[in-house]
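Visitor: Sharing work_13.cif here; it has mmCIF, C-alpha atoms.
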```
data_coords
#
loop_
_atom_site.group_PDB
_atom_site.id
_atom_site.type_symbol
_atom_site.label_atom_id
_atom_site.label_comp_id
_atom_site.auth_asym_id
_atom_site.auth_seq_id
_atom_site.Cartn_x
_atom_site.Cartn_y
_atom_site.Cartn_z
ATOM 1 C CA MET L 557 0.000 0.000 0.000
ATOM 2 C CA THR L 558 1.276 3.442 -0.887
ATOM 3 C CA ALA L 559 0.860 6.171 1.668
ATOM 4 C CA VAL L 560 -1.389 8.912 0.291
ATOM 5 C CA ASP L 561 -1.937 12.262 1.960
ATOM 6 C CA ALA L 562 -5.344 12.713 3.514
ATOM 7 C CA PRO L 563 -6.991 15.725 5.114
ATOM 8 C CA ALA L 564 -6.611 16.001 8.879
ATOM 9 C CA VAL L 565 -9.777 15.346 10.822
ATOM 10 C CA GLU L 566 -9.621 18.814 12.376
ATOM 11 C CA ASP L 567 -9.448 20.339 8.891
ATOM 12 C CA LEU L 568 -12.430 18.276 7.780
ATOM 13 C CA LEU L 569 -14.319 19.457 10.856
ATOM 14 C CA ALA L 570 -13.453 23.095 10.173
ATOM 15 C CA VAL L 571 -14.599 22.777 6.564
ATOM 16 C CA THR L 572 -17.828 21.069 7.588
ATOM 17 C CA GLU L 573 -18.615 23.653 10.241
ATOM 18 C CA ASP L 574 -18.055 26.467 7.751
ATOM 19 C CA VAL L 575 -20.352 24.825 5.218
ATOM 20 C CA TRP L 576 -22.992 24.160 7.852
ATOM 21 C CA LEU L 577 -22.890 27.728 9.056
ATOM 22 C CA ALA L 578 -23.382 28.995 5.510
ATOM 23 C CA LEU L 579 -26.240 26.622 4.766
ATOM 24 C CA VAL L 580 -28.270 26.709 7.955
ATOM 25 C CA GLY L 581 -26.937 29.545 10.094
ATOM 26 C CA ASP L 582 -25.577 29.419 13.596
ATOM 27 C CA ASP L 583 -28.702 28.740 15.657
ATOM 28 C CA ASP L 584 -27.925 25.060 16.133
ATOM 29 C CA PRO L 585 -24.266 24.086 15.834
ATOM 30 C CA LEU L 586 -22.985 20.693 14.837
ATOM 31 C CA LEU L 587 -21.845 18.666 17.826
ATOM 32 C CA PRO L 588 -19.448 15.718 18.003
ATOM 33 C CA ARG L 589 -20.892 12.231 18.315
ATOM 34 C CA ALA L 590 -18.962 9.432 19.964
ATOM 35 C CA VAL L 591 -18.898 6.382 17.708
ATOM 36 C CA PRO L 592 -16.447 3.472 18.057
ATOM 37 C CA PRO L 593 -13.908 3.204 15.218
ATOM 38 C CA GLY L 594 -14.995 0.850 12.468
ATOM 39 C CA SER L 595 -18.691 1.141 13.242
ATOM 40 C CA PRO L 596 -20.937 1.384 10.201
ATOM 41 C CA PHE L 597 -23.153 4.445 10.170
ATOM 42 C CA ASP L 598 -26.291 3.360 11.969
ATOM 43 C CA ALA L 599 -28.815 5.782 10.568
ATOM 44 C CA ALA L 600 -28.102 6.374 6.916
ATOM 45 C CA ALA L 601 -31.224 7.222 5.000
ATOM 46 C CA TRP L 602 -29.469 9.508 2.538
ATOM 47 C CA SER L 603 -25.936 9.503 1.255
ATOM 48 C CA SER L 604 -24.002 11.489 -1.292
ATOM 49 C CA VAL L 605 -20.510 11.262 -2.666
ATOM 50 C CA THR L 606 -18.197 13.384 -4.764
ATOM 51 C CA THR L 607 -14.838 12.297 -6.081
ATOM 52 C CA ILE L 608 -11.673 14.305 -6.503
ATOM 53 C CA SER L 609 -9.212 13.348 -9.192
ATOM 54 C CA GLY L 610 -5.940 14.834 -10.376
ATOM 55 C CA GLY L 611 -3.157 16.016 -8.102
ATOM 56 C CA TRP L 612 -4.946 14.296 -5.253
ATOM 57 C CA GLN L 613 -7.433 11.481 -5.461
ATOM 58 C CA GLY L 614 -10.163 10.640 -3.021
ATOM 59 C CA ALA L 615 -13.869 10.504 -2.370
ATOM 60 C CA VAL L 616 -15.860 12.549 0.120
ATOM 61 C CA THR L 617 -19.064 10.956 1.379
ATOM 62 C CA VAL L 618 -21.865 12.376 3.500
ATOM 63 C CA GLU L 619 -24.381 10.093 5.198
ATOM 64 C CA LEU L 620 -27.401 11.538 6.967
ATOM 65 C CA ASP L 621 -30.264 10.469 9.118
ATOM 66 C CA GLU L 622 -33.660 10.866 7.421
ATOM 67 C CA ALA L 623 -34.954 13.517 9.799
ATOM 68 C CA LEU L 624 -31.723 15.482 9.583
ATOM 69 C CA ALA L 625 -31.732 15.393 5.778
ATOM 70 C CA ARG L 626 -35.280 16.723 5.698
ATOM 71 C CA ARG L 627 -34.616 19.439 8.268
ATOM 72 C CA LEU L 628 -31.513 20.512 6.371
ATOM 73 C CA THR L 629 -33.510 20.664 3.136
ATOM 74 C CA THR L 630 -36.328 22.620 4.744
ATOM 75 C CA GLN L 631 -33.837 25.149 6.034
ATOM 76 C CA MET L 632 -31.859 25.438 2.789
ATOM 77 C CA LEU L 633 -35.023 25.907 0.737
ATOM 78 C CA ASP L 634 -36.615 28.094 3.408
ATOM 79 C CA LEU L 635 -39.790 26.027 3.283
ATOM 80 C CA PRO L 636 -42.672 26.734 5.654
ATOM 81 C CA ALA L 637 -42.601 24.497 8.727
ATOM 82 C CA ASP L 638 -45.746 22.673 7.615
ATOM 83 C CA GLU L 639 -44.434 21.923 4.111
ATOM 84 C CA ALA L 640 -42.507 18.669 3.794
ATOM 85 C CA PRO L 641 -39.685 18.671 1.248
ATOM 86 C CA SER L 642 -39.954 16.202 -1.594
ATOM 87 C CA ASP L 643 -37.411 13.423 -2.040
ATOM 88 C CA SER L 644 -36.113 15.342 -5.035
ATOM 89 C CA ASP L 645 -35.567 18.400 -2.851
ATOM 90 C CA VAL L 646 -33.730 16.316 -0.261
ATOM 91 C CA ALA L 647 -31.507 14.761 -2.911
ATOM 92 C CA ASP L 648 -30.689 18.224 -4.227
ATOM 93 C CA ALA L 649 -29.808 19.589 -0.789
ATOM 94 C CA VAL L 650 -27.739 16.570 0.199
ATOM 95 C CA GLY L 651 -25.914 16.786 -3.121
ATOM 96 C CA GLU L 652 -25.073 20.434 -2.575
ATOM 97 C CA LEU L 653 -23.825 19.638 0.926
ATOM 98 C CA VAL L 654 -21.311 17.089 -0.324
ATOM 99 C CA ASN L 655 -20.384 19.372 -3.223
ATOM 100 C CA MET L 656 -19.426 22.131 -0.814
ATOM 101 C CA VAL L 657 -17.599 19.887 1.644
ATOM 102 C CA GLY L 658 -15.845 18.061 -1.197
ATOM 103 C CA GLY L 659 -14.847 21.272 -2.931
ATOM 104 C CA ASN L 660 -13.268 22.566 0.232
ATOM 105 C CA VAL L 661 -11.495 19.270 0.924
ATOM 106 C CA LYS L 662 -10.095 19.568 -2.591
ATOM 107 C CA SER L 663 -8.720 22.984 -1.731
ATOM 108 C CA LEU L 664 -6.821 21.468 1.210
ATOM 109 C CA MET L 665 -5.053 18.872 -0.890
ATOM 110 C CA PRO L 666 -2.399 19.045 -3.625
ATOM 111 C CA GLY L 667 -3.777 20.088 -7.009
ATOM 112 C CA PRO L 668 -4.702 20.693 -9.677
ATOM 113 C CA SER L 669 -7.695 18.429 -9.259
ATOM 114 C CA VAL L 670 -11.203 18.084 -10.581
ATOM 115 C CA LEU L 671 -14.314 17.689 -8.453
ATOM 116 C CA SER L 672 -17.048 15.434 -9.809
ATOM 117 C CA LEU L 673 -20.720 16.262 -9.759
ATOM 118 C CA PRO L 674 -22.285 14.755 -6.634
ATOM 119 C CA ALA L 675 -24.023 11.383 -6.714
ATOM 120 C CA VAL L 676 -26.889 11.064 -4.239
ATOM 121 C CA ALA L 677 -28.590 7.894 -3.028
ATOM 122 C CA ALA L 678 -31.509 7.165 -0.754
ATOM 123 C CA GLY L 679 -29.822 4.734 1.588
ATOM 124 C CA ARG L 680 -26.451 3.817 2.948
ATOM 125 C CA ALA L 681 -23.300 4.779 1.021
ATOM 126 C CA ALA L 682 -21.329 2.140 -0.854
ATOM 127 C CA PHE L 683 -17.549 2.332 -0.774
ATOM 128 C CA ALA L 684 -15.257 0.951 -3.449
ATOM 129 C CA SER L 685 -13.234 -2.058 -2.319
ATOM 130 C CA ASP L 686 -9.991 -0.554 -3.562
ATOM 131 C CA THR L 687 -10.263 2.464 -1.283
ATOM 132 C CA ALA L 688 -9.439 2.933 2.370
ATOM 133 C CA LEU L 689 -10.994 5.170 4.969
ATOM 134 C CA ALA L 690 -8.652 8.093 5.559
ATOM 135 C CA CYS L 691 -10.693 10.403 7.732
ATOM 136 C CA ARG L 692 -14.103 10.291 9.389
ATOM 137 C CA LEU L 693 -16.353 12.697 11.293
ATOM 138 C CA ASP L 694 -19.397 11.661 13.296
ATOM 139 C CA LEU L 695 -21.600 14.592 14.220
ATOM 140 C CA VAL L 696 -25.041 15.408 15.550
ATOM 141 C CA TRP L 697 -27.362 18.214 14.514
ATOM 142 C CA ARG L 698 -30.595 18.718 16.450
ATOM 143 C CA ASP L 699 -30.177 15.235 17.959
ATOM 144 C CA ALA L 700 -29.874 13.542 14.566
ATOM 145 C CA PRO L 701 -26.645 11.998 13.271
ATOM 146 C CA LEU L 702 -24.559 12.545 10.193
ATOM 147 C CA ARG L 703 -21.216 11.185 9.096
ATOM 148 C CA ILE L 704 -18.647 12.616 6.732
ATOM 149 C CA SER L 705 -15.866 10.376 5.514
ATOM 150 C CA VAL L 706 -12.945 10.656 3.141
ATOM 151 C CA HIS L 707 -11.701 7.593 1.285
ATOM 152 C CA ILE L 708 -8.485 7.385 -0.688
ATOM 153 C CA PRO L 709 -7.113 4.802 -3.097
ATOM 154 C CA GLN L 710 -5.299 1.939 -1.407
ATOM 155 C CA GLU L 711 -2.605 1.994 -4.062
ATOM 156 C CA GLY L 712 -0.868 4.901 -5.755
ATOM 157 C CA PRO L 713 -1.006 5.517 -9.501
ATOM 158 C CA ARG L 714 0.563 2.747 -11.556
ATOM 159 C CA MET G 335 -31.461 45.498 -11.015
ATOM 160 C CA ARG G 336 -31.872 41.970 -12.334
ATOM 161 C CA ALA G 337 -29.843 38.944 -11.310
ATOM 162 C CA MET G 338 -29.713 35.546 -12.984
ATOM 163 C CA ILE G 339 -28.781 32.732 -10.627
ATOM 164 C CA ILE G 340 -27.157 29.812 -12.427
ATOM 165 C CA ASP G 341 -26.617 26.751 -10.265
ATOM 166 C CA ASP G 342 -27.651 23.112 -10.648
ATOM 167 C CA SER G 343 -28.737 22.995 -6.999
ATOM 168 C CA ARG G 344 -32.233 24.289 -6.270
ATOM 169 C CA ALA G 345 -31.220 24.697 -2.650
ATOM 170 C CA MET G 346 -28.278 26.905 -3.559
ATOM 171 C CA ARG G 347 -30.426 28.916 -5.974
ATOM 172 C CA SER G 348 -32.893 29.404 -3.146
ATOM 173 C CA ILE G 349 -30.183 30.650 -0.783
ATOM 174 C CA LEU G 350 -28.799 33.079 -3.355
ATOM 175 C CA ARG G 351 -32.281 34.213 -4.365
ATOM 176 C CA ARG G 352 -33.112 35.148 -0.782
ATOM 177 C CA ILE G 353 -29.929 37.184 -0.534
ATOM 178 C CA VAL G 354 -30.379 39.157 -3.737
ATOM 179 C CA THR G 355 -34.137 39.661 -3.493
ATOM 180 C CA GLY G 356 -33.403 41.135 -0.068
ATOM 181 C CA LEU G 357 -31.392 43.717 -1.992
ATOM 182 C CA ASP G 358 -34.385 44.433 -4.256
ATOM 183 C CA PHE G 359 -33.032 42.505 -7.224
ATOM 184 C CA GLU G 360 -35.453 40.824 -9.584
ATOM 185 C CA THR G 361 -34.268 37.301 -10.249
ATOM 186 C CA SER G 362 -34.332 34.612 -12.875
ATOM 187 C CA GLU G 363 -32.805 31.169 -12.510
ATOM 188 C CA ALA G 364 -31.171 28.504 -14.620
ATOM 189 C CA GLU G 365 -29.978 25.026 -13.670
ATOM 190 C CA HIS G 366 -26.952 25.004 -15.964
ATOM 191 C CA GLY G 367 -25.060 27.205 -18.391
ATOM 192 C CA GLN G 368 -26.974 26.146 -21.484
ATOM 193 C CA ALA G 369 -30.324 26.951 -19.859
ATOM 194 C CA ALA G 370 -28.923 30.344 -18.916
ATOM 195 C CA LEU G 371 -27.711 30.965 -22.481
ATOM 196 C CA ASP G 372 -31.162 30.006 -23.759
ATOM 197 C CA GLN G 373 -32.670 32.665 -21.501
ATOM 198 C CA LEU G 374 -30.205 35.268 -22.736
ATOM 199 C CA HIS G 375 -31.020 34.418 -26.347
ATOM 200 C CA ALA G 376 -34.711 34.741 -25.449
ATOM 201 C CA GLY G 377 -34.101 38.277 -24.238
ATOM 202 C CA VAL G 378 -33.896 37.686 -20.487
ATOM 203 C CA VAL G 379 -30.742 39.732 -20.001
ATOM 204 C CA PRO G 380 -29.822 40.473 -16.390
ATOM 205 C CA ASP G 381 -27.448 43.022 -14.950
ATOM 206 C CA VAL G 382 -25.493 40.324 -13.145
ATOM 207 C CA CYS G 383 -25.163 36.555 -13.352
ATOM 208 C CA LEU G 384 -24.182 34.533 -10.295
ATOM 209 C CA VAL G 385 -22.582 31.470 -11.829
ATOM 210 C CA ASP G 386 -21.669 28.111 -10.342
ATOM 211 C CA TRP G 387 -18.724 26.297 -11.926
ATOM 212 C CA ASN G 388 -19.548 22.593 -11.741
ATOM 213 C CA MET G 389 -22.859 21.950 -13.465
ATOM 214 C CA PRO G 390 -24.157 19.335 -15.884
ATOM 215 C CA VAL G 391 -24.785 20.104 -19.579
ATOM 216 C CA MET G 392 -22.726 23.323 -19.577
ATOM 217 C CA ASP G 393 -20.409 24.384 -16.776
ATOM 218 C CA GLY G 394 -19.991 27.922 -15.547
ATOM 219 C CA TYR G 395 -16.613 28.481 -17.170
ATOM 220 C CA THR G 396 -17.991 27.608 -20.599
ATOM 221 C CA PHE G 397 -20.994 29.841 -19.950
ATOM 222 C CA ILE G 398 -18.707 32.772 -19.204
ATOM 223 C CA THR G 399 -16.679 32.258 -22.358
ATOM 224 C CA GLU G 400 -19.921 32.064 -24.384
ATOM 225 C CA VAL G 401 -21.264 35.271 -22.866
ATOM 226 C CA ARG G 402 -18.020 37.128 -23.394
ATOM 227 C CA ALA G 403 -17.935 36.007 -27.028
ATOM 228 C CA ASN G 404 -21.172 37.856 -27.722
ATOM 229 C CA PRO G 405 -20.787 41.661 -27.835
ATOM 230 C CA GLU G 406 -24.516 42.107 -27.217
ATOM 231 C CA TRP G 407 -23.977 40.818 -23.676
ATOM 232 C CA ARG G 408 -20.898 42.845 -22.849
ATOM 233 C CA ASP G 409 -22.720 44.808 -20.155
ATOM 234 C CA ILE G 410 -23.591 41.734 -18.109
ATOM 235 C CA THR G 411 -21.558 41.473 -14.932
ATOM 236 C CA LEU G 412 -20.415 37.917 -14.236
ATOM 237 C CA MET G 413 -19.737 36.653 -10.732
ATOM 238 C CA MET G 414 -18.602 33.097 -10.101
ATOM 239 C CA VAL G 415 -20.068 31.513 -6.950
ATOM 240 C CA THR G 416 -18.458 28.122 -6.620
ATOM 241 C CA THR G 417 -16.580 25.605 -4.508
ATOM 242 C CA GLU G 418 -13.702 25.782 -6.992
ATOM 243 C CA SER G 419 -11.035 27.508 -4.943
ATOM 244 C CA GLU G 420 -7.769 26.629 -6.669
ATOM 245 C CA GLN G 421 -5.875 29.750 -7.666
ATOM 246 C CA ARG G 422 -5.489 28.318 -11.162
ATOM 247 C CA GLN G 423 -9.267 28.106 -11.557
ATOM 248 C CA ILE G 424 -9.856 31.587 -10.190
ATOM 249 C CA VAL G 425 -7.324 33.030 -12.635
ATOM 250 C CA ARG G 426 -8.929 31.075 -15.489
ATOM 251 C CA ALA G 427 -12.385 32.405 -14.683
ATOM 252 C CA LEU G 428 -11.229 36.000 -14.336
ATOM 253 C CA ALA G 429 -9.206 35.751 -17.547
ATOM 254 C CA ALA G 430 -12.276 34.417 -19.334
ATOM 255 C CA GLY G 431 -14.279 37.451 -18.308
ATOM 256 C CA ALA G 432 -15.657 36.921 -14.815
ATOM 257 C CA HIS G 433 -15.652 40.138 -12.797
ATOM 258 C CA GLU G 434 -15.717 38.629 -9.320
ATOM 259 C CA TYR G 435 -15.260 35.295 -7.653
ATOM 260 C CA VAL G 436 -16.958 34.029 -4.484
ATOM 261 C CA ILE G 437 -15.981 30.706 -2.957
ATOM 262 C CA LYS G 438 -18.610 28.490 -1.318
ATOM 263 C CA PRO G 439 -19.317 28.424 1.557
ATOM 264 C CA PHE G 440 -20.096 32.122 1.622
ATOM 265 C CA THR G 441 -21.985 34.454 3.903
ATOM 266 C CA ALA G 442 -24.704 36.804 2.753
ATOM 267 C CA ASP G 443 -22.337 39.638 3.621
ATOM 268 C CA ALA G 444 -19.767 38.295 1.178
ATOM 269 C CA ILE G 445 -22.287 38.426 -1.663
ATOM 270 C CA VAL G 446 -23.410 41.908 -0.646
ATOM 271 C CA ASP G 447 -19.814 43.119 -0.470
ATOM 272 C CA LYS G 448 -19.022 41.788 -3.938
ATOM 273 C CA LEU G 449 -22.159 43.284 -5.470
ATOM 274 C CA SER G 450 -21.298 46.570 -3.805
ATOM 275 C CA LEU G 451 -17.743 46.456 -5.137
ATOM 276 C CA LEU G 452 -19.170 45.878 -8.585
ATOM 277 C CA GLY G 453 -21.315 48.985 -8.225
ATOM 278 C CA LEU G 454 -24.535 47.008 -8.417
ATOM 279 C CA LEU G 455 -26.003 48.210 -5.142
ATOM 280 C CA PRO G 456 -27.410 51.584 -4.285
ATOM 281 C CA GLU G 457 -25.210 53.088 -1.581
ATOM 282 C CA GLU G 458 -27.948 52.660 1.017
ATOM 283 C CA SER G 459 -28.331 48.913 0.358
ATOM 284 C CA ALA G 460 -24.592 48.356 0.553
ATOM 285 C CA VAL G 461 -24.490 49.912 3.990
ATOM 286 C CA THR G 462 -27.629 48.406 5.503
ATOM 287 C CA ALA G 463 -27.770 44.904 3.968
#
```
Rewrite the structure of this file - the entire thing - as structure tokens.
Guide:
Amino acid sequence: MTAVDAPAVEDLLAVTEDVWLALVGDDDPLLPRAVPPGSPFDAAAWSSVTTISGGWQGAVTVELDEALARRLTTQMLDLPADEAPSDSDVADAVGELVNMVGGNVKSLMPGPSVLSLPAVAAGRAAFASDTALACRLDLVWRDAPLRISVHIPQEGPR
Amino acid sequence: MRAMIIDDSRAMRSILRRIVTGLDFETSEAEHGQAALDQLHAGVVPDVCLVDWNMPVMDGYTFITEVRANPEWRDITLMMVTTESEQRQIVRALAAGAHEYVIKPFTADAIVDKLSLLGLLPEESAVTA
């Protein structure tokens, strides 16, 4: 296995907090969530991934609890409290979240690199078998969990 | 003043729309560069375009080069609003004809400041927004 640079967890946290602040304001901050290493995310109802390729290669994945995804969407779209966002709206919001986190992770790593368009799924994220977890954040927002992880290739370019 | 918000994310268009309508802009929206070009060809010509970079169909960089290639649209102010933060990309966008560049995540104040710098806000709005 070739060692590949990965973002530091504190940098990933700083990026995520900045994105969160921009998207939903500062009324309810993200809080850390204690999860044992190696534990699969236990609440994924929505997931989104963006890949970075070029000077640095990796994938940034966001997994969210259903209620959190819908609250995030409601806030981003400024929907009335009694109006439930559609699945399409949630997919859009979750995609923009990973786009912003991924874009800022890209800026932390060696470039030049290209950021892919986000891919969003209803359900748990799937991770390629030839990648390794490099960095992970488990957080809580309004009592609902989310996870952000960065995977990198297990082997360097051939 | 009229602003066209070009971003493939409805959520991001919503966030930007709230900011600029709060500054008394009229807005139109497009989900990618080609849709925005179609609106321009149809006569929906704004004072400023807020343009994402990474979009399907036509990205923001291509949109800017297309707008700058048409003399009829030379008065449109172009502002990139994107996660692309590499210096190389910023230089590319500015060289292609973008006037300003805002990196996501942004605050409402950052958008207001840029619009003010571009002379697109009445003095009163720039101070109070």
Visitor: Identify the residues around (-5.3, 13.4, -6.1) within a radius of 9 Å, measuring from only C-alpha atoms in the coordinates stated by the file, and give them as number ranges by chain.
Guide: L: 560-561, 608-614, 662, 665-670, 708
Visitor: Enter the distance from atom CA of L:Ala562 to atom CA of L:Ser705, in Å, rounded to one decimal.
Guide: 11.0 Å
Visitor: Report the distance between atom CA of L:Pro596 and atom CA of L:Ala682 in Å, rounded to one decimal place.
Guide: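 These atoms are spaced 11.1 Å apart.
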Visitor: At a cut-off of 9 Å, can you tabulate as a Markdown table every residue of chain G near chain L together with its closest atom pair and the distance in Å to one decimal, using only C-alpha atoms and ordering rows by chain then number?
Guide:
```
| residue | atom | partner | partner_atom | distance |
| --- | --- | --- | --- | --- |
| G:Asp342 | CA | L:Asp648 | CA | 8.6 |
| G:Ser343 | CA | L:Asp648 | CA | 5.9 |
| G:Arg344 | CA | L:Asp648 | CA | 6.6 |
| G:Ala345 | CA | L:Leu633 | CA | 5.2 |
| G:Met346 | CA | L:Glu652 | CA | 7.3 |
| G:Arg347 | CA | L:Leu633 | CA | 8.7 |
| G:Ser348 | CA | L:Leu633 | CA | 5.6 |
| G:Ile349 | CA | L:Met632 | CA | 6.5 |
| G:Arg352 | CA | L:Asp634 | CA | 8.9 |
| G:Asn388 | CA | L:Leu673 | CA | 6.7 |
| G:Met389 | CA | L:Leu673 | CA | 7.1 |
| G:Pro390 | CA | L:Leu673 | CA | 7.7 |
| G:Thr416 | CA | L:Met656 | CA | 8.4 |
| G:Thr417 | CA | L:Gly659 | CA | 4.9 |
| G:Glu418 | CA | L:Gly659 | CA | 6.2 |
| G:Ser419 | CA | L:Ser663 | CA | 6.0 |
| G:Glu420 | CA | L:Ser663 | CA | 6.2 |
| G:Arg422 | CA | L:Pro668 | CA | 7.8 |
| G:Gln423 | CA | L:Pro668 | CA | 8.9 |
| G:Lys438 | CA | L:Met656 | CA | 6.4 |
| G:Pro439 | CA | L:Val575 | CA | 5.2 |
| G:Phe440 | CA | L:Ala578 | CA | 6.0 |
| G:Thr441 | CA | L:Ala578 | CA | 5.9 |
| G:Ala442 | CA | L:Ala578 | CA | 8.4 |
```
Visitor: Which one is closest to G:Glu434: G:Ile340, G:Glu406, G:Cys383, G:Phe359? Count all atoms listed in the file.
Guide: G:Cys383
Visitor: Name the residues in contact with L:Pro593 at a cut-off of 12 Å, using only C-alpha atoms, excluding same-chain residues fewer than 3 positions from it; report them as a short mmCIF file (atom, residue, chain, number, x, y, z; two decimals) with C-alpha atoms, in the coordinates of the input.
Guide:
```
data_model
loop_
_atom_site.label_atom_id
_atom_site.label_comp_id
_atom_site.auth_asym_id
_atom_site.auth_seq_id
_atom_site.Cartn_x
_atom_site.Cartn_y
_atom_site.Cartn_z
CA ARG L 589 -20.89 12.23 18.32
CA ALA L 590 -18.96 9.43 19.96
CA PRO L 596 -20.94 1.38 10.20
CA PHE L 597 -23.15 4.44 10.17
CA LEU L 689 -10.99 5.17 4.97
CA CYS L 691 -10.69 10.40 7.73
CA ARG L 692 -14.10 10.29 9.39
CA LEU L 693 -16.35 12.70 11.29
CA ASP L 694 -19.40 11.66 13.30
#
```
Visitor: So the first atom is atom CA of G:Asp358 and the second is atom CA of G:Met335; what is the distance between them in Å, to one decimal place?
Guide: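 Computed distance, atom CA of G:Asp358 to atom CA of G:Met335, equals 7.4 Å.
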Visitor: Quick check on the file I pasted: which residues fall under the PyMOL selection byres ((chain L and resi 710) around 6)? Write them as a list in words.
Guide: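 After applying the PyMOL selection byres ((chain L and resi 710) around 6), what remains is Met557, Asp686, Thr687, Ala688, Pro709 and Glu711 of chain L.
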Visitor: Could you write those residues out with C-alpha atoms, as an mmCIF file, in the frame of the given file?
Guide:
```cif
data_model
loop_
_atom_site.group_PDB
_atom_site.id
_atom_site.type_symbol
_atom_site.label_atom_id
_atom_site.label_comp_id
_atom_site.auth_asym_id
_atom_site.auth_seq_id
_atom_site.Cartn_x
_atom_site.Cartn_y
_atom_site.Cartn_z
ATOM 1 C CA MET L 557 0.000 0.000 0.000
ATOM 2 C CA ASP L 686 -9.991 -0.554 -3.562
ATOM 3 C CA THR L 687 -10.263 2.464 -1.283
ATOM 4 C CA ALA L 688 -9.439 2.933 2.370
ATOM 5 C CA PRO L 709 -7.113 4.802 -3.097
ATOM 6 C CA GLU L 711 -2.605 1.994 -4.062
#
```
Visitor: Just so the selection is clear, what residues does the PyMOL selection byres ((chain G and resi 394) around 12) cover here, as a VMD selection string?
Guide: chain G and resid 339 to 342 364 to 371 383 to 393 395 to 401 412 to 418 423 426 to 428 430 to 432 435
Visitor: With 8 Å as the threshold, what does the neighbourhood of (-25.3, 42.0, -2.5) contain in terms of residues, counting only C-alpha atoms? Coordinates are those of the file; answer as JSON, numbers by chain.
Guide: {"G": [353, 354, 357, 442, 443, 444, 445, 446, 447, 448, 449, 450, 454, 455, 460, 463]}
Visitor: Using all atoms of stretch 705-710 of chain L listed in the file and a margin of 3 Å per side, can you give the axis-aligned box centre and edge lengths in Å to one decimal, as AutoDock Vina command-line options?
Guide:
```
--center_x -10.6 --center_y 6.3 --center_z 1.2 --size_x 16.6 --size_y 14.7 --size_z 14.6
```
Visitor: Could you check which of L:Val605, L:Ala637, L:Leu569, L:Val696 is closest to L:Leu624, using all atoms listed in the file?
Guide: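 Nearest to L:Leu624: L:Val696.
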Visitor: On this structure, which residues satisfy the PyMOL selection byres ((chain L and resi 699) around 12), written as a PyMOL selection string?
Guide: chain L and resi 584-589+620-624+627+695-698+700-702
Visitor: Mind completing stretch 408-421 of chain G with N, CA and C atoms? Output as a tab-separated table (two decimals), keeping the file's coordinate frame, please?
Guide:
```
chain	number	residue	atom	x	y	z
G	408	ARG	N	-22.11	42.35	-23.50
G	408	ARG	CA	-20.90	42.84	-22.85
G	408	ARG	C	-21.18	43.60	-21.55
G	409	ASP	N	-22.41	44.05	-21.38
G	409	ASP	CA	-22.72	44.81	-20.16
G	409	ASP	C	-23.10	43.92	-18.97
G	410	ILE	N	-23.22	42.63	-19.22
G	410	ILE	CA	-23.59	41.73	-18.11
G	410	ILE	C	-22.38	41.54	-17.20
G	411	THR	N	-22.60	41.74	-15.92
G	411	THR	CA	-21.56	41.47	-14.93
G	411	THR	C	-21.63	40.00	-14.55
G	412	LEU	N	-20.47	39.36	-14.50
G	412	LEU	CA	-20.42	37.92	-14.24
G	412	LEU	C	-19.68	37.67	-12.93
G	413	MET	N	-20.34	36.96	-12.03
G	413	MET	CA	-19.74	36.65	-10.73
G	413	MET	C	-19.80	35.15	-10.50
G	414	MET	N	-18.64	34.53	-10.41
G	414	MET	CA	-18.60	33.10	-10.10
G	414	MET	C	-18.92	32.90	-8.62
G	415	VAL	N	-19.75	31.90	-8.34
G	415	VAL	CA	-20.07	31.51	-6.95
G	415	VAL	C	-19.93	30.00	-6.90
G	416	THR	N	-18.82	29.52	-6.38
G	416	THR	CA	-18.46	28.12	-6.62
G	416	THR	C	-17.58	27.56	-5.51
G	417	THR	N	-17.52	26.25	-5.43
G	417	THR	CA	-16.58	25.60	-4.51
G	417	THR	C	-15.17	25.54	-5.08
G	418	GLU	N	-15.04	25.84	-6.37
G	418	GLU	CA	-13.70	25.78	-6.99
G	418	GLU	C	-12.83	26.88	-6.40
G	419	SER	N	-11.82	26.49	-5.64
G	419	SER	CA	-11.04	27.51	-4.94
G	419	SER	C	-9.55	27.47	-5.29
G	420	GLU	N	-9.18	26.63	-6.27
G	420	GLU	CA	-7.77	26.63	-6.67
G	420	GLU	C	-7.45	27.93	-7.39
G	421	GLN	N	-6.29	28.49	-7.06
G	421	GLN	CA	-5.88	29.75	-7.67
G	421	GLN	C	-5.92	29.68	-9.19
```
